[in-house]
Structure formats: C-alpha cells, structure tokens
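Read the structure below first, then the notes.
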Amino acid sequence: MDSFILTLSCPDRPGIVHAVTAFLVQQNLNIIDSSQFGDPTSQRFFMRVHFKAESNQQPSAESLRNAFQSTASSLSMDFQVVPAAQKTRVLIMVSKIGHCLNDLLFRQSSGQLAIEIPLIVSNHPEFASLAATYKIPFVHLPVTAETKQQQEAQVLELIREHNIDLVVLARYMQVLSPTLCEAMSGRIINIHHSFLPSFKGAKPYHQAYDRGVKIIGATAHFVTSDLDEGPIIEQNVVRVNHAMSPKELTHAGSNVESNVLATAVKYVTERRVLLNGHKTVVFN
C-alpha cells in the first residue's frame with residue numbers, strides 16, 4: 001500500500017490536530033502513527049504523521065500536497081508530504097578518519113539506513129578503495145586555503161548533478177564556507193567528536209584527558225556558518241576513567257561518533273527531525 005509522511009510546523013493554536021485529521025478523513029487516508037509537540041517557548045506546533053491510502057487508491061505526493069494546501073494556508077503551516085518509501089540521496093564527505101564513513105556504508109548496504117549514496121567526496125584519496133568495495137563513485141577534491149572557493153563550487157555542482165538531498169560530513173575536517181552552508185541550509189549534518197558545547201576546537205579528547213572527565217561523547221548537528229553552533233540532532237556518551245590514555249579515549253569516542261551520526265542520519269532521512277529556530281524537534 002502507498003504510505004506517506006506529512007511533517008509540518010506552524011504557530012501554535014487550538015484545532016491544528018483536528019484540521020489535519022479532518023483532511024485525512026476527507027481524503028480517505030488512514031493514520032499509521034502520529035507525533036506532535038507544542039513548544040511553549042517558540043509558540044510553534046510541530047507534527048509528523050505517517051499515513052496510508054486504501055488499496056484501491058493511488059494518490060501521488062504532489063496531489064496530496066495540492067489538496068492539503070488550503071488547510072496549510074489557513075494555519076500558516078510550513079509542510080512537506082513525501083512517500084515513505086522515498087530514499088534520501090546522500091552525499092558523504094570525509095577526510096582521513098574513516099570509521100564513520102565505514103559505518104554508514106555498512107548500514108546502508110545492509111538495509112539499516114534507507115538511503116542512496118550516489119557518491120563520496122574527499123579532500124584526500126585514502127578511502128577510494130573502500131568506496132570501490134561498495135561500488136560507490138569516489139571523487140577526490142583536494143583543497144587548500146587558496147583553492148577553497150573553487151573546490152566548494154565543484155561540491156555544489158556535484159550536489160546539483162546528482163540531485164543530492166542531504167550532505168553528511170563523516171569526519172570531513174574542513175570548515176565549510178557561509179556560501180555552502182547557506183546553499184544547503186538545514187541539509188548538512190556534521191558529527192562533532194565531543195559532547196557539545198564542551199571541548200570545542202582541536203583535539204577534544206586531549207582536552208578531556210587534561211580535565212579528567214568521566215564521560216566522553218559525540219554530537220550530530222546541522223551545519224551553519226557559526227562553527228559547531230548548529231541545531232543539535234543527536235548526542236550520546238560513554239563512561240571513561242582516569243586510567244585511559246588519549247588514544248584509548250579516542251577509540252572509545254570513535255564508537256560513539258559512529259552510532260550518533262548513524263542515528264542522526266536515520267532520524268533525518270525518516271523525516272523525524274524538524275527545525276525549531278536554533279534547536280530541533282526529534283520525533284524518535
């Protein structure tokens with residue numbers, strides 16, 4: 001059966017759920033699951049509805065969007081309707097540290113992530129053979145301070161050429177320019193190798209070691225032009241102790257990074273993440 005996901009946000013007020021469910025009833029559509037949240041701070045309402053058509057119906061996402069438009073306009077909604085089976089096209093970018101890349105490729109190939117990966121881009125050549133193992137094109141785009149603008153222009157061209165929906169920075173150790181951040185606003189995920197907002201910048205595990213921390217973690221967030229300040233999607237931690245070296249902390253942290261990034265990609269590509277200013281609403 002055809003099923004779809006409706007996501008929406010709008011100013012909070014009485015009657016929103018009633019309006020959405022009334023539309024679904026009118027269209028003879030059945031709710032599979034539904035989640036909603038009214039934020040008392042931003043005064044906005046957020047909703048995700050997974051619904052299906054009856055077996056004798058074959059509506060398109062476009063026809064449903066058109067039919068829902070009057071309801072959305074009356075409530076000042078921002079909304080999307082997409083087929084639940086529609087796979088997100090993901091461009092992965094990586095540098096010289098490959099555990100997150102390897103994890104994402106395995107999860108995608110084994111069906112744990114319902115995404116398509118048309119290509120991998122790197123500023124270093126190290127993981128070309130790994131990409132070849134999964135039969136995914138690998139594009140090596142070296143970058144220096146002098147060539148950054150031209151390199152990012154090439155990235156944007158690849159995004160357009162391959163109809164990329166989402167960019168995932170799997171330990172891509174380059175700061176993206178405001179131009180690229182704005183062009184893909186809300187569509188770039190980064191994994192930060194610490195539990196933001198603590199220990200920003202270089203060598204966070206060494207900073208953690210110097211401070212004698214008892215937990216370390218990782219943070220997946222949307223990328224903005226403000227370094228490491230984008231809306232947080234997912235975080236997790238692991239316990240450590242005083243006997244662990246920076247190298248051991250790094251190994252422990254790499255496992256957390258892989259899991260956190262994969263979880264964030266899963267939530268975003270299942271349309272479970274809605275932007276709420278500088279925060280997110282995650283229906284997980």
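Convention: chains lettered A, B, ... in structure tokens order; per-chain residue numbering from 1; ligands numbered from 1 as shown.
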Using only C-alpha atoms, which protein or nucleic acid residues come within 8 Å of Leu29 in chain A? Drop anything in the same chain fewer than 3 positions from it, and give the result as a VMD selection string.
chain A and resid 24 to 26 51 to 54
Any idea what's packed within 7 Å of range 110-121 of chain A, counting only C-alpha atoms, ignoring anything in its chain fewer than 3 positions away? Could you give it as a ChimeraX atom specification?
/A:87-94,106-107,136-141,162,266
Pull all heavy atoms from the residues just selected and write them as a compact mmCIF listing (two decimals), in the first residue's frame.
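Listed below is the output, part-v3.txt:
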```txt
# COMPACT_ATOMS: atom_id res chain seq x y z
N LYS A 87 13.70 7.25 -0.87
CA LYS A 87 15.01 7.24 -0.23
C LYS A 87 15.71 8.58 -0.42
O LYS A 87 15.69 9.16 -1.51
CB LYS A 87 15.89 6.12 -0.79
CG LYS A 87 15.41 4.73 -0.41
CD LYS A 87 16.38 3.67 -0.89
CE LYS A 87 15.93 2.28 -0.46
NZ LYS A 87 16.89 1.22 -0.90
N THR A 88 16.33 9.06 0.64
CA THR A 88 17.09 10.30 0.60
C THR A 88 18.42 10.06 -0.11
O THR A 88 19.12 9.08 0.17
CB THR A 88 17.34 10.82 2.02
OG1 THR A 88 16.08 11.00 2.68
CG2 THR A 88 18.10 12.14 2.01
N ARG A 89 18.77 10.95 -1.01
CA ARG A 89 20.04 10.85 -1.72
C ARG A 89 21.11 11.61 -0.93
O ARG A 89 21.02 12.83 -0.76
CB ARG A 89 19.90 11.40 -3.14
CG ARG A 89 18.98 10.53 -4.00
CD ARG A 89 18.74 11.13 -5.37
NE ARG A 89 19.95 11.24 -6.17
CZ ARG A 89 20.50 10.24 -6.85
NH1 ARG A 89 19.95 9.03 -6.82
NH2 ARG A 89 21.60 10.44 -7.58
N VAL A 90 22.11 10.88 -0.46
CA VAL A 90 23.07 11.40 0.50
C VAL A 90 24.47 11.47 -0.12
O VAL A 90 24.97 10.48 -0.67
CB VAL A 90 23.11 10.52 1.77
CG1 VAL A 90 24.21 11.00 2.72
CG2 VAL A 90 21.75 10.53 2.46
N LEU A 91 25.08 12.63 -0.03
CA LEU A 91 26.50 12.79 -0.37
C LEU A 91 27.30 12.74 0.93
O LEU A 91 27.05 13.53 1.85
CB LEU A 91 26.73 14.14 -1.06
CG LEU A 91 28.18 14.64 -1.14
CD1 LEU A 91 29.03 13.68 -1.96
CD2 LEU A 91 28.24 16.03 -1.72
N ILE A 92 28.24 11.80 1.01
CA ILE A 92 29.10 11.70 2.18
C ILE A 92 30.43 12.37 1.86
O ILE A 92 31.04 12.12 0.82
CB ILE A 92 29.34 10.24 2.59
CG1 ILE A 92 28.01 9.55 2.93
CG2 ILE A 92 30.29 10.16 3.79
CD1 ILE A 92 28.17 8.08 3.30
N MET A 93 30.89 13.21 2.80
CA MET A 93 32.19 13.85 2.67
C MET A 93 33.07 13.39 3.84
O MET A 93 32.61 13.31 4.99
CB MET A 93 32.04 15.37 2.65
CG MET A 93 31.19 15.87 1.50
SD MET A 93 31.08 17.68 1.37
CE MET A 93 32.76 18.08 0.84
N VAL A 94 34.33 13.11 3.55
CA VAL A 94 35.24 12.54 4.54
C VAL A 94 36.64 13.05 4.28
O VAL A 94 36.97 13.47 3.15
CB VAL A 94 35.18 10.99 4.48
CG1 VAL A 94 35.73 10.49 3.14
CG2 VAL A 94 35.92 10.34 5.65
N PHE A 106 28.32 0.44 5.62
CA PHE A 106 27.82 -0.88 6.01
C PHE A 106 26.34 -0.84 6.33
O PHE A 106 25.57 -1.70 5.90
CB PHE A 106 28.59 -1.41 7.23
CG PHE A 106 28.00 -2.69 7.77
CD1 PHE A 106 28.24 -3.89 7.12
CD2 PHE A 106 27.18 -2.67 8.89
CE1 PHE A 106 27.68 -5.07 7.60
CE2 PHE A 106 26.62 -3.85 9.37
CZ PHE A 106 26.87 -5.05 8.72
N ARG A 107 25.91 0.18 7.08
CA ARG A 107 24.49 0.27 7.44
C ARG A 107 23.61 0.45 6.20
O ARG A 107 22.52 -0.10 6.13
CB ARG A 107 24.27 1.41 8.43
CG ARG A 107 24.86 1.16 9.82
CD ARG A 107 24.68 2.38 10.71
NE ARG A 107 25.41 2.29 11.95
CZ ARG A 107 24.89 1.90 13.12
NH1 ARG A 107 23.61 1.59 13.19
NH2 ARG A 107 25.63 1.85 14.21
N ILE A 136 30.60 2.50 -5.04
CA ILE A 136 30.14 3.88 -4.97
C ILE A 136 31.24 4.79 -5.55
O ILE A 136 32.40 4.69 -5.13
CB ILE A 136 29.82 4.30 -3.52
CG1 ILE A 136 28.66 3.45 -2.99
CG2 ILE A 136 29.46 5.79 -3.45
CD1 ILE A 136 28.35 3.71 -1.52
N PRO A 137 30.90 5.67 -6.49
CA PRO A 137 31.91 6.57 -7.05
C PRO A 137 32.57 7.43 -5.98
O PRO A 137 31.90 7.92 -5.07
CB PRO A 137 31.10 7.43 -8.03
CG PRO A 137 29.92 6.59 -8.39
CD PRO A 137 29.59 5.81 -7.16
N PHE A 138 33.88 7.59 -6.11
CA PHE A 138 34.68 8.36 -5.16
C PHE A 138 35.31 9.53 -5.91
O PHE A 138 35.97 9.34 -6.94
CB PHE A 138 35.77 7.47 -4.56
CG PHE A 138 36.64 8.15 -3.54
CD1 PHE A 138 36.30 8.15 -2.20
CD2 PHE A 138 37.82 8.77 -3.93
CE1 PHE A 138 37.12 8.76 -1.26
CE2 PHE A 138 38.64 9.39 -3.00
CZ PHE A 138 38.28 9.38 -1.65
N VAL A 139 35.07 10.73 -5.41
CA VAL A 139 35.60 11.94 -6.06
C VAL A 139 36.61 12.60 -5.13
O VAL A 139 36.27 13.01 -4.01
CB VAL A 139 34.47 12.93 -6.40
CG1 VAL A 139 35.05 14.16 -7.10
CG2 VAL A 139 33.43 12.27 -7.29
N HIS A 140 37.85 12.69 -5.60
CA HIS A 140 38.91 13.32 -4.81
C HIS A 140 39.00 14.79 -5.20
O HIS A 140 39.33 15.12 -6.34
CB HIS A 140 40.23 12.61 -5.06
CG HIS A 140 41.40 13.22 -4.36
ND1 HIS A 140 42.68 13.24 -4.88
CD2 HIS A 140 41.48 13.86 -3.16
CE1 HIS A 140 43.49 13.85 -4.04
NE2 HIS A 140 42.79 14.24 -2.98
N LEU A 141 38.68 15.67 -4.24
CA LEU A 141 38.75 17.11 -4.47
C LEU A 141 39.69 17.74 -3.43
O LEU A 141 39.25 18.14 -2.35
CB LEU A 141 37.35 17.75 -4.36
CG LEU A 141 36.30 17.32 -5.39
CD1 LEU A 141 34.98 18.03 -5.11
CD2 LEU A 141 36.77 17.60 -6.81
N HIS A 162 23.86 15.34 -9.07
CA HIS A 162 23.38 14.07 -8.54
C HIS A 162 22.10 14.20 -7.72
O HIS A 162 21.70 13.25 -7.05
CB HIS A 162 24.48 13.42 -7.69
CG HIS A 162 25.68 12.99 -8.48
ND1 HIS A 162 25.76 11.75 -9.09
CD2 HIS A 162 26.83 13.64 -8.77
CE1 HIS A 162 26.93 11.66 -9.72
NE2 HIS A 162 27.59 12.79 -9.54
N LYS A 266 19.57 8.50 10.27
CA LYS A 266 18.32 7.73 10.26
C LYS A 266 17.13 8.64 10.59
O LYS A 266 16.11 8.62 9.88
CB LYS A 266 18.40 6.60 11.28
CG LYS A 266 17.13 5.75 11.39
CD LYS A 266 17.33 4.63 12.40
CE LYS A 266 16.05 3.86 12.62
NZ LYS A 266 15.59 3.15 11.40
```
Would you work out the distance separating CA of Gln108 in chain A from CA of Ser55 in chain A, expressed in Å to one decimal?
29.5 Å
Neighbours of Val49 in chain A within 9 Å (only C-alpha atoms; same-chain residues fewer than 6 positions away dropped), as an MDAnalysis selection string?
chainID A and resid 4:8 31:36
Just list the residues in range 46-168 of chain A DSSP gives strand (DSSP E) on the backbone, as number ranges by chain.
A: 46-53, 78-83, 88-94, 115-122, 138-140, 166-168
Using N, CA and C atoms, can you export the residues from the last selection as a tab-separated table (two decimals), in the first residue's frame?
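Okay, result-v8.tsv is ready:
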```
chain	number	residue	atom	x	y	z
A	46	PHE	N	4.53	21.40	16.14
A	46	PHE	CA	5.23	20.51	15.22
A	46	PHE	C	4.50	19.17	15.16
A	47	MET	N	4.45	18.59	13.97
A	47	MET	CA	3.71	17.34	13.82
A	47	MET	C	4.32	16.48	12.72
A	48	ARG	N	4.31	15.18	12.94
A	48	ARG	CA	4.71	14.19	11.93
A	48	ARG	C	3.63	13.11	11.89
A	49	VAL	N	3.08	12.88	10.72
A	49	VAL	CA	2.03	11.88	10.56
A	49	VAL	C	2.42	10.93	9.44
A	50	HIS	N	2.45	9.64	9.76
A	50	HIS	CA	2.66	8.60	8.77
A	50	HIS	C	1.29	8.01	8.45
A	51	PHE	N	0.88	8.08	7.19
A	51	PHE	CA	-0.46	7.62	6.83
A	51	PHE	C	-0.40	6.84	5.53
A	52	LYS	N	-1.47	6.10	5.28
A	52	LYS	CA	-1.53	5.28	4.06
A	52	LYS	C	-2.85	5.46	3.36
A	53	ALA	N	-2.84	5.19	2.08
A	53	ALA	CA	-4.05	5.19	1.28
A	53	ALA	C	-4.65	3.79	1.27
A	78	ASP	N	4.23	25.53	7.49
A	78	ASP	CA	5.28	25.03	6.62
A	78	ASP	C	5.14	23.51	6.64
A	79	PHE	N	5.03	22.87	5.48
A	79	PHE	CA	4.77	21.43	5.50
A	79	PHE	C	5.45	20.74	4.32
A	80	GLN	N	5.57	19.42	4.47
A	80	GLN	CA	6.06	18.55	3.40
A	80	GLN	C	5.23	17.27	3.41
A	81	VAL	N	4.97	16.74	2.24
A	81	VAL	CA	4.39	15.41	2.09
A	81	VAL	C	5.30	14.63	1.16
A	82	VAL	N	5.82	13.50	1.63
A	82	VAL	CA	6.71	12.69	0.81
A	82	VAL	C	6.31	11.23	0.94
A	83	PRO	N	6.52	10.43	-0.10
A	83	PRO	CA	6.29	8.98	0.02
A	83	PRO	C	7.22	8.39	1.08
A	88	THR	N	16.33	9.06	0.64
A	88	THR	CA	17.09	10.30	0.60
A	88	THR	C	18.42	10.06	-0.11
A	89	ARG	N	18.77	10.95	-1.01
A	89	ARG	CA	20.04	10.85	-1.72
A	89	ARG	C	21.11	11.61	-0.93
A	90	VAL	N	22.11	10.88	-0.46
A	90	VAL	CA	23.07	11.40	0.50
A	90	VAL	C	24.47	11.47	-0.12
A	91	LEU	N	25.08	12.63	-0.03
A	91	LEU	CA	26.50	12.79	-0.37
A	91	LEU	C	27.30	12.74	0.93
A	92	ILE	N	28.24	11.80	1.01
A	92	ILE	CA	29.10	11.70	2.18
A	92	ILE	C	30.43	12.37	1.86
A	93	MET	N	30.89	13.21	2.80
A	93	MET	CA	32.19	13.85	2.67
A	93	MET	C	33.07	13.39	3.84
A	94	VAL	N	34.33	13.11	3.55
A	94	VAL	CA	35.24	12.54	4.54
A	94	VAL	C	36.64	13.05	4.28
A	115	ILE	N	18.75	4.81	2.56
A	115	ILE	CA	19.27	5.96	1.83
A	115	ILE	C	19.97	5.48	0.57
A	116	GLU	N	20.17	6.42	-0.36
A	116	GLU	CA	21.02	6.18	-1.52
A	116	GLU	C	22.28	7.03	-1.38
A	117	ILE	N	23.41	6.47	-1.76
A	117	ILE	CA	24.68	7.20	-1.69
A	117	ILE	C	25.25	7.25	-3.11
A	118	PRO	N	24.95	8.29	-3.87
A	118	PRO	CA	25.42	8.36	-5.26
A	118	PRO	C	26.93	8.54	-5.38
A	119	LEU	N	27.54	9.18	-4.37
A	119	LEU	CA	28.99	9.37	-4.44
A	119	LEU	C	29.54	9.79	-3.08
A	120	ILE	N	30.86	9.66	-2.96
A	120	ILE	CA	31.62	10.08	-1.79
A	120	ILE	C	32.64	11.11	-2.26
A	121	VAL	N	32.76	12.19	-1.52
A	121	VAL	CA	33.73	13.24	-1.84
A	121	VAL	C	34.73	13.35	-0.70
A	122	SER	N	36.00	13.47	-1.04
A	122	SER	CA	37.03	13.61	-0.02
A	122	SER	C	38.12	14.56	-0.49
A	138	PHE	N	33.88	7.59	-6.11
A	138	PHE	CA	34.68	8.36	-5.16
A	138	PHE	C	35.31	9.53	-5.91
A	139	VAL	N	35.07	10.73	-5.41
A	139	VAL	CA	35.60	11.94	-6.06
A	139	VAL	C	36.61	12.60	-5.13
A	140	HIS	N	37.85	12.69	-5.60
A	140	HIS	CA	38.91	13.32	-4.81
A	140	HIS	C	39.00	14.79	-5.20
A	166	LEU	N	20.84	15.51	0.93
A	166	LEU	CA	21.47	15.66	2.24
A	166	LEU	C	22.97	15.44	2.11
A	167	VAL	N	23.76	16.30	2.75
A	167	VAL	CA	25.21	16.13	2.83
A	167	VAL	C	25.57	15.70	4.24
A	168	VAL	N	26.36	14.65	4.36
A	168	VAL	CA	26.80	14.15	5.66
A	168	VAL	C	28.32	14.28	5.76
```
Record the distance separating CA of His221 in chain A and CA of Asn123 in chain A, expressed in Å with one decimal.
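Computed distance, CA of His221 in chain A to CA of Asn123 in chain A, equals 21.4 Å.
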Would you give me, as a PyMOL selection string, the residues in range 12-165 of chain A that DSSP reads as alpha helix (DSSP H)?
chain A and resi 16-26+61-74+99-109+128-133+148-161
Which of A:Lys203, A:His278, A:His242, A:His192 sits closest to Ile215 in chain A [using only C-alpha atoms]:
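Result for the nearest residue to Ile215 in chain A: A:His242.
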Would you mind listing what lies within 7 Å of Met77 in chain A as number ranges by chain, with only C-alpha atoms counted and same-chain residues fewer than 2 positions away left out?
A: 8-10, 72-73, 75, 79
Could you dump the residues just selected with N, CA, C and O atoms as a short mmCIF file (atom, residue, chain, number, x, y, z; two decimals), in the first residue's frame?
```cif
data_model
loop_
_atom_site.label_atom_id
_atom_site.label_comp_id
_atom_site.auth_asym_id
_atom_site.auth_seq_id
_atom_site.Cartn_x
_atom_site.Cartn_y
_atom_site.Cartn_z
N LEU A 8 5.00 19.00 9.53
CA LEU A 8 4.56 20.39 9.48
C LEU A 8 4.98 21.13 10.74
O LEU A 8 5.22 20.53 11.79
N SER A 9 5.06 22.44 10.61
CA SER A 9 5.22 23.33 11.76
C SER A 9 4.43 24.59 11.47
O SER A 9 4.28 24.98 10.31
N CYS A 10 3.91 25.21 12.54
CA CYS A 10 3.09 26.40 12.38
C CYS A 10 2.94 27.08 13.74
O CYS A 10 3.27 26.49 14.77
N ALA A 72 -3.16 24.08 5.04
CA ALA A 72 -1.88 24.63 5.47
C ALA A 72 -1.90 26.15 5.46
O ALA A 72 -1.41 26.80 6.40
N SER A 73 -2.46 26.74 4.42
CA SER A 73 -2.50 28.20 4.32
C SER A 73 -3.34 28.81 5.43
O SER A 73 -2.99 29.87 5.98
N LEU A 75 -3.64 27.87 8.37
CA LEU A 75 -2.97 27.79 9.66
C LEU A 75 -1.51 28.24 9.58
O LEU A 75 -0.74 28.02 10.51
N PHE A 79 5.03 22.87 5.48
CA PHE A 79 4.77 21.43 5.50
C PHE A 79 5.45 20.74 4.32
O PHE A 79 5.82 21.36 3.33
#
```
Nearby residues (only C-alpha atoms) at most 7 Å from Thr280 in chain A, same-chain spacing under 3 positions excluded, as a PyMOL selection string:
chain A and resi 231-233+273-276
Take the residues from that selection and put them in a file with N, CA and C atoms, as a CSV table (one decimal), in the first residue's frame.
```csv
chain,number,residue,atom,x,y,z
A,231,PRO,N,21.9,23.5,15.1
A,231,PRO,CA,20.9,22.8,15.8
A,231,PRO,C,21.3,21.3,16.0
A,232,ILE,N,21.3,20.9,17.3
A,232,ILE,CA,21.7,19.5,17.7
A,232,ILE,C,20.6,18.5,17.3
A,233,ILE,N,21.0,17.4,16.7
A,233,ILE,CA,20.1,16.3,16.3
A,233,ILE,C,20.1,15.2,17.3
A,273,VAL,N,13.0,14.8,12.1
A,273,VAL,CA,13.7,16.0,12.6
A,273,VAL,C,13.1,17.3,12.0
A,274,LEU,N,12.6,18.1,12.9
A,274,LEU,CA,12.1,19.4,12.4
A,274,LEU,C,12.8,20.5,13.1
A,275,LEU,N,13.2,21.5,12.3
A,275,LEU,CA,14.0,22.7,12.8
A,275,LEU,C,13.0,23.6,13.6
A,276,ASN,N,13.6,24.0,14.8
A,276,ASN,CA,12.8,24.9,15.7
A,276,ASN,C,13.8,26.0,16.1
```
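Minimum atom-to-atom distances from A:Thr250, A:Ser63, A:Thr263, A:Thr144 to Ile97 in chain A were compared using only C-alpha atoms, and the lowest value belongs to A:Thr250.
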Find the residues around Ser42 in chain A up to 9 Å (only C-alpha atoms counted), leave out those fewer than 5 positions away in its own chain, and share them as a PyMOL selection string.
chain A and resi 11-12+276-277
Nearest-residue call for Tyr267 in chain A, choices A:Ser3, A:Val282, A:Gln207, A:Asn28, using only C-alpha atoms:
A:Val282
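Between CA of Arg272 in chain A and CA of Asp39 in chain A lies a distance of 16.0 Å.
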Residues within 12 Å of Ile216 in chain A, please, as a count of residues only. Count only C-alpha atoms; anything in the same chain fewer than 6 positions from it doesn't count.
32
